[in-house]
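One file, structure03.cif, carrying mmCIF, C-alpha atoms:
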```cif
data_run
#
loop_
_atom_site.group_PDB
_atom_site.id
_atom_site.type_symbol
_atom_site.label_atom_id
_atom_site.label_comp_id
_atom_site.auth_asym_id
_atom_site.auth_seq_id
_atom_site.Cartn_x
_atom_site.Cartn_y
_atom_site.Cartn_z
ATOM 1 C CA MET A 1 8.281 8.046 -2.206
ATOM 2 C CA LYS A 2 9.535 7.161 -5.669
ATOM 3 C CA VAL A 3 10.866 3.903 -7.107
ATOM 4 C CA LYS A 4 12.040 2.800 -10.524
ATOM 5 C CA ILE A 5 12.963 -0.376 -12.332
ATOM 6 C CA THR A 6 14.534 -1.195 -15.670
ATOM 7 C CA TYR A 7 12.928 -3.634 -18.089
ATOM 8 C CA THR A 8 13.648 -5.005 -21.548
ATOM 9 C CA VAL A 9 10.497 -5.305 -23.642
ATOM 10 C CA PRO A 10 9.975 -8.966 -24.633
ATOM 11 C CA PHE A 11 8.776 -10.116 -28.053
ATOM 12 C CA HIS A 12 5.494 -11.497 -26.671
ATOM 13 C CA ASP A 13 4.452 -7.958 -25.674
ATOM 14 C CA THR A 14 4.283 -6.859 -29.325
ATOM 15 C CA ASP A 15 1.211 -6.828 -31.542
ATOM 16 C CA ALA A 16 0.772 -7.475 -35.271
ATOM 17 C CA LEU A 17 2.096 -3.992 -36.048
ATOM 18 C CA GLY A 18 5.389 -4.719 -34.270
ATOM 19 C CA ILE A 19 4.769 -2.278 -31.434
ATOM 20 C CA ILE A 20 3.841 -2.948 -27.839
ATOM 21 C CA TRP A 21 0.165 -3.740 -27.370
ATOM 22 C CA TYR A 22 -1.418 -0.911 -25.346
ATOM 23 C CA GLY A 23 -2.612 -3.171 -22.500
ATOM 24 C CA ASN A 24 0.949 -4.143 -21.667
ATOM 25 C CA TYR A 25 1.676 -0.649 -20.368
ATOM 26 C CA TYR A 26 -0.582 -1.513 -17.420
ATOM 27 C CA LYS A 27 1.527 -4.629 -16.878
ATOM 28 C CA TYR A 28 4.601 -2.396 -16.739
ATOM 29 C CA PHE A 29 2.857 -0.194 -14.167
ATOM 30 C CA GLU A 30 2.122 -3.311 -12.123
ATOM 31 C CA LEU A 31 5.769 -4.405 -12.237
ATOM 32 C CA VAL A 32 6.942 -1.170 -10.625
ATOM 33 C CA ARG A 33 3.970 -1.080 -8.226
ATOM 34 C CA ASN A 34 4.877 -4.575 -6.997
ATOM 35 C CA PHE A 35 8.495 -3.460 -6.619
ATOM 36 C CA LEU A 36 7.327 -0.544 -4.466
ATOM 37 C CA PHE A 37 5.366 -2.895 -2.187
ATOM 38 C CA GLU A 38 8.382 -5.231 -1.961
ATOM 39 C CA LYS A 39 10.691 -2.338 -1.117
ATOM 40 C CA ILE A 40 8.519 -1.125 1.771
ATOM 41 C CA LYS A 41 7.826 -4.719 2.881
ATOM 42 C CA PHE A 42 4.049 -4.467 2.450
ATOM 43 C CA GLU A 43 3.429 -7.227 -0.068
ATOM 44 C CA ILE A 44 0.203 -9.163 -0.644
ATOM 45 C CA SER A 45 1.049 -11.582 2.179
ATOM 46 C CA GLU A 46 1.025 -8.588 4.555
ATOM 47 C CA TRP A 47 -2.335 -7.467 3.162
ATOM 48 C CA LYS A 48 -3.704 -10.923 3.984
ATOM 49 C CA ASN A 49 -2.292 -10.695 7.519
ATOM 50 C CA GLN A 50 -4.230 -7.460 7.946
ATOM 51 C CA LYS A 51 -7.351 -9.015 6.353
ATOM 52 C CA LEU A 52 -7.555 -6.433 3.609
ATOM 53 C CA MET A 53 -7.150 -5.970 -0.101
ATOM 54 C CA LEU A 54 -6.015 -2.901 -1.993
ATOM 55 C CA VAL A 55 -8.186 -2.847 -5.094
ATOM 56 C CA ILE A 56 -7.654 -0.646 -8.116
ATOM 57 C CA THR A 57 -10.684 1.574 -8.615
ATOM 58 C CA GLU A 58 -9.284 3.848 -11.306
ATOM 59 C CA SER A 59 -6.458 3.705 -13.830
ATOM 60 C CA ASN A 60 -5.193 5.806 -16.684
ATOM 61 C CA CYS A 61 -2.459 5.620 -19.287
ATOM 62 C CA LYS A 62 -1.431 8.273 -21.778
ATOM 63 C CA TYR A 63 0.586 6.876 -24.663
ATOM 64 C CA LEU A 64 3.109 9.384 -25.991
ATOM 65 C CA LYS A 65 5.504 7.302 -28.128
ATOM 66 C CA PRO A 66 5.406 3.639 -29.196
ATOM 67 C CA LEU A 67 7.657 0.982 -27.724
ATOM 68 C CA LYS A 68 9.077 -1.954 -29.686
ATOM 69 C CA TYR A 69 10.598 -5.342 -29.022
ATOM 70 C CA ASN A 70 13.868 -5.252 -27.089
ATOM 71 C CA ASP A 71 13.535 -1.604 -26.049
ATOM 72 C CA LYS A 72 15.244 -0.893 -22.742
ATOM 73 C CA ILE A 73 12.865 1.106 -20.571
ATOM 74 C CA ILE A 74 12.782 2.682 -17.129
ATOM 75 C CA ILE A 75 9.459 2.470 -15.315
ATOM 76 C CA SER A 76 8.970 4.753 -12.317
ATOM 77 C CA ALA A 77 6.219 5.147 -9.742
ATOM 78 C CA SER A 78 5.710 7.929 -7.251
ATOM 79 C CA VAL A 79 3.181 8.202 -4.444
ATOM 80 C CA SER A 80 0.943 11.267 -4.675
ATOM 81 C CA GLU A 81 -1.801 10.295 -2.182
ATOM 82 C CA SER A 82 -1.443 7.967 0.788
ATOM 83 C CA VAL A 83 -4.018 8.548 3.508
ATOM 84 C CA TYR A 84 -7.525 7.647 2.355
ATOM 85 C CA ARG A 85 -6.465 5.994 -0.873
ATOM 86 C CA LEU A 86 -3.218 5.164 -2.611
ATOM 87 C CA LYS A 87 -2.541 7.059 -5.814
ATOM 88 C CA LEU A 88 0.562 6.152 -7.766
ATOM 89 C CA ASN A 89 1.773 8.158 -10.746
ATOM 90 C CA TYR A 90 3.778 6.324 -13.387
ATOM 91 C CA LYS A 91 6.269 7.308 -16.064
ATOM 92 C CA ILE A 92 7.896 5.112 -18.669
ATOM 93 C CA HIS A 93 11.076 6.357 -20.322
ATOM 94 C CA LYS A 94 13.097 4.964 -23.211
ATOM 95 C CA GLY A 95 16.418 6.646 -22.597
ATOM 96 C CA LYS A 96 15.540 10.283 -22.016
ATOM 97 C CA ILE A 97 12.315 10.051 -24.023
ATOM 98 C CA LEU A 98 9.076 9.946 -22.047
ATOM 99 C CA VAL A 99 6.898 7.335 -23.789
ATOM 100 C CA ALA A 100 3.940 6.991 -21.397
ATOM 101 C CA THR A 101 2.447 8.385 -18.213
ATOM 102 C CA GLY A 102 -0.370 7.129 -16.065
ATOM 103 C CA TYR A 103 -1.764 6.529 -12.635
ATOM 104 C CA THR A 104 -3.686 4.038 -10.529
ATOM 105 C CA ILE A 105 -5.864 4.610 -7.491
ATOM 106 C CA GLN A 106 -6.231 1.842 -4.925
ATOM 107 C CA VAL A 107 -8.595 1.763 -1.973
ATOM 108 C CA PRO A 108 -8.505 -0.595 1.012
ATOM 109 C CA ILE A 109 -11.363 -3.060 1.478
ATOM 110 C CA LYS A 110 -12.036 -5.818 4.015
ATOM 111 C CA ASP A 111 -11.170 -9.182 2.492
ATOM 112 C CA ASP A 112 -14.153 -11.006 3.997
ATOM 113 C CA ASN A 113 -17.044 -8.690 3.083
ATOM 114 C CA TYR A 114 -15.538 -6.188 0.596
ATOM 115 C CA VAL A 115 -16.523 -3.186 2.713
ATOM 116 C CA ILE A 116 -14.499 -0.123 1.767
ATOM 117 C CA LEU A 117 -12.352 1.146 4.632
ATOM 118 C CA ASN A 118 -12.233 4.885 5.234
ATOM 119 C CA LYS A 119 -8.442 5.031 5.463
ATOM 120 C CA LEU A 120 -5.341 3.123 4.432
ATOM 121 C CA PRO A 121 -3.801 0.989 7.197
ATOM 122 C CA LYS A 122 -1.529 3.006 9.492
ATOM 123 C CA LYS A 123 1.301 0.561 8.877
ATOM 124 C CA LEU A 124 1.129 1.226 5.128
ATOM 125 C CA ILE A 125 0.854 5.005 5.566
ATOM 126 C CA ASP A 126 3.926 4.980 7.830
ATOM 127 C CA LYS A 127 5.961 2.902 5.381
ATOM 128 C CA LEU A 128 5.023 5.106 2.419
ATOM 129 C CA ASN A 129 5.947 8.289 4.278
ATOM 130 C CA LYS A 130 9.430 7.225 5.449
#
```
For the structure just supplied, provide its representation as structure tokens.
Amino acid sequence: MKVKITYTVPFHDTDALGIIWYGNYYKYFELVRNFLFEKIKFEISEWKNQKLMLVITESNCKYLKPLKYNDKIIISASVSESVYRLKLNYKIHKGKILVATGYTIQVPIKDDNYVILNKLPKKLIDKLNK
């Protein structure tokens, strides 16, 4: 499964050098990740119904080109693992130029005792593999 969104970089994402502060790329990843969960109708409210959390245990971002205020970007996410953990790969493009890549890994845990579950919920696996 792959999703993408468009986004215009706001002024408050810039740093003193006039480029986007590196931590904001993770915010952009989160925007498209949330869109993916909305699209498959498995948002945080559904996690709570299933008494679980999907916590990020690993993340990575490779910065290839800087972004600036008012840049129009396309942020995409694709699922590369979806049985025991959820791995999403991200790309950020400015036009046809690839400016960043990255990934996050999320694992399911019980929301009451934080015990790691050995598999993603079947409902989530089914929705991701449609």
Next on the checklist: Here's the selection I'm unsure about, the PyMOL selection byres ((chain A and resi 88) around 10); applied to the file above, which residues does it give, as a ChimeraX atom specification?
Outcome noted: /A:1-2,29,33,59,76-82,85-87,89-90,102-106
Need to verify the contact set: A:Ile97, 10 Å, only C-alpha atoms, exclusion of same-chain residues closer than 3 positions in sequence. Can you return it as a short mmCIF file (atom, residue, chain, number, x, y, z; two decimals) with C-alpha atoms, in the frame of the given file?
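Produced file out_2.cif, reproduced below:
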```
data_model
loop_
_atom_site.label_atom_id
_atom_site.label_comp_id
_atom_site.auth_asym_id
_atom_site.auth_seq_id
_atom_site.Cartn_x
_atom_site.Cartn_y
_atom_site.Cartn_z
CA LEU A 64 3.11 9.38 -25.99
CA LYS A 65 5.50 7.30 -28.13
CA ILE A 73 12.86 1.11 -20.57
CA ILE A 92 7.90 5.11 -18.67
CA HIS A 93 11.08 6.36 -20.32
CA LYS A 94 13.10 4.96 -23.21
CA ALA A 100 3.94 6.99 -21.40
#
```
Dump as CSV the rows for residues of stretch 60-114 of chain A within 8 Å of stretch 15-24 of chain A: closest atom pair and distance in Å with one decimal, only C-alpha atoms counted, ordered by chain and rising residue number.
```
residue,atom,partner,partner_atom,distance
A:Pro66,CA,A:Ile19,CA,6.4
A:Leu67,CA,A:Ile20,CA,5.5
A:Lys68,CA,A:Ile19,CA,4.7
A:Tyr69,CA,A:Ile19,CA,7.0
```
Next on the checklist: Please compute the atom CA of A:Ile5-atom CA of A:Tyr63 distance, one decimal, in Å.
Outcome noted: 18.9 Å
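Using all atoms listed in the file, the smallest distance between any of A:Lys123, A:Lys91, A:Lys96, A:Val107 and A:Thr57 comes from A:Val107.
Note that the spacing between atom CA of A:Thr8 and atom CA of A:Lys72 amounts to 4.6 Å.
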Enclose all atoms of stretch 67-81 of chain A listed in the file in an axis-aligned box, grow every side by 5 Å, and hand back centre and edge lengths in Å to one decimal, as lines of an AutoDock Vina configuration file.
```
center_x = 6.7
center_y = 3.0
center_z = -15.9
size_x = 27.0
size_y = 26.6
size_z = 37.5
```
Next on the checklist: Running the PyMOL selection byres ((chain A and resi 51) around 10) on this model by hand, what would come out? Give it as a list of chain:residue names.
Outcome noted: A:Ser45, A:Glu46, A:Trp47, A:Lys48, A:Asn49, A:Gln50, A:Leu52, A:Met53, A:Ile109, A:Lys110, A:Asp111, A:Asp112
Item to check | Contacts of A:Lys41 at 12 Å (all atoms listed in the file; same-chain gap of 3+ positions) as a PyMOL selection string | outcome: chain A and resi 34-38+44-47+123-124+126-128
For the selection you just gave me, I'd like the residues written to a file as a CSV table (one decimal), in the coordinates of the input, keeping C-alpha atoms.
```csv
chain,number,residue,atom,x,y,z
A,34,ASN,CA,4.9,-4.6,-7.0
A,35,PHE,CA,8.5,-3.5,-6.6
A,36,LEU,CA,7.3,-0.5,-4.5
A,37,PHE,CA,5.4,-2.9,-2.2
A,38,GLU,CA,8.4,-5.2,-2.0
A,44,ILE,CA,0.2,-9.2,-0.6
A,45,SER,CA,1.0,-11.6,2.2
A,46,GLU,CA,1.0,-8.6,4.6
A,47,TRP,CA,-2.3,-7.5,3.2
A,123,LYS,CA,1.3,0.6,8.9
A,124,LEU,CA,1.1,1.2,5.1
A,126,ASP,CA,3.9,5.0,7.8
A,127,LYS,CA,6.0,2.9,5.4
A,128,LEU,CA,5.0,5.1,2.4
```
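One distance worth recording is that between atom CA of A:Glu43 and atom CA of A:Tyr28, which is 17.4 Å.
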Item to check | Evaluate the PyMOL selection byres ((chain A and resi 119) around 9) and report residues as a ChimeraX atom specification | outcome: /A:82-85,107-108,116-118,120-122
Selected residues, C-alpha atoms, written as a short mmCIF file (atom, residue, chain, number, x, y, z; two decimals), in the coordinates of the input, please.
```
data_model
loop_
_atom_site.label_atom_id
_atom_site.label_comp_id
_atom_site.auth_asym_id
_atom_site.auth_seq_id
_atom_site.Cartn_x
_atom_site.Cartn_y
_atom_site.Cartn_z
CA SER A 82 -1.44 7.97 0.79
CA VAL A 83 -4.02 8.55 3.51
CA TYR A 84 -7.52 7.65 2.36
CA ARG A 85 -6.46 5.99 -0.87
CA VAL A 107 -8.60 1.76 -1.97
CA PRO A 108 -8.51 -0.60 1.01
CA ILE A 116 -14.50 -0.12 1.77
CA LEU A 117 -12.35 1.15 4.63
CA ASN A 118 -12.23 4.88 5.23
CA LEU A 120 -5.34 3.12 4.43
CA PRO A 121 -3.80 0.99 7.20
CA LYS A 122 -1.53 3.01 9.49
#
```
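Nearest residue to A:Ile125, choosing from A:Asn113, A:Val55, A:Gly95, A:Phe42 and counting all atoms listed in the file: A:Phe42.
Across A:Tyr114, A:Ile56, A:Glu30, A:Leu98, the tightest approach to A:Ile74 is made by A:Leu98 when counting only C-alpha atoms.
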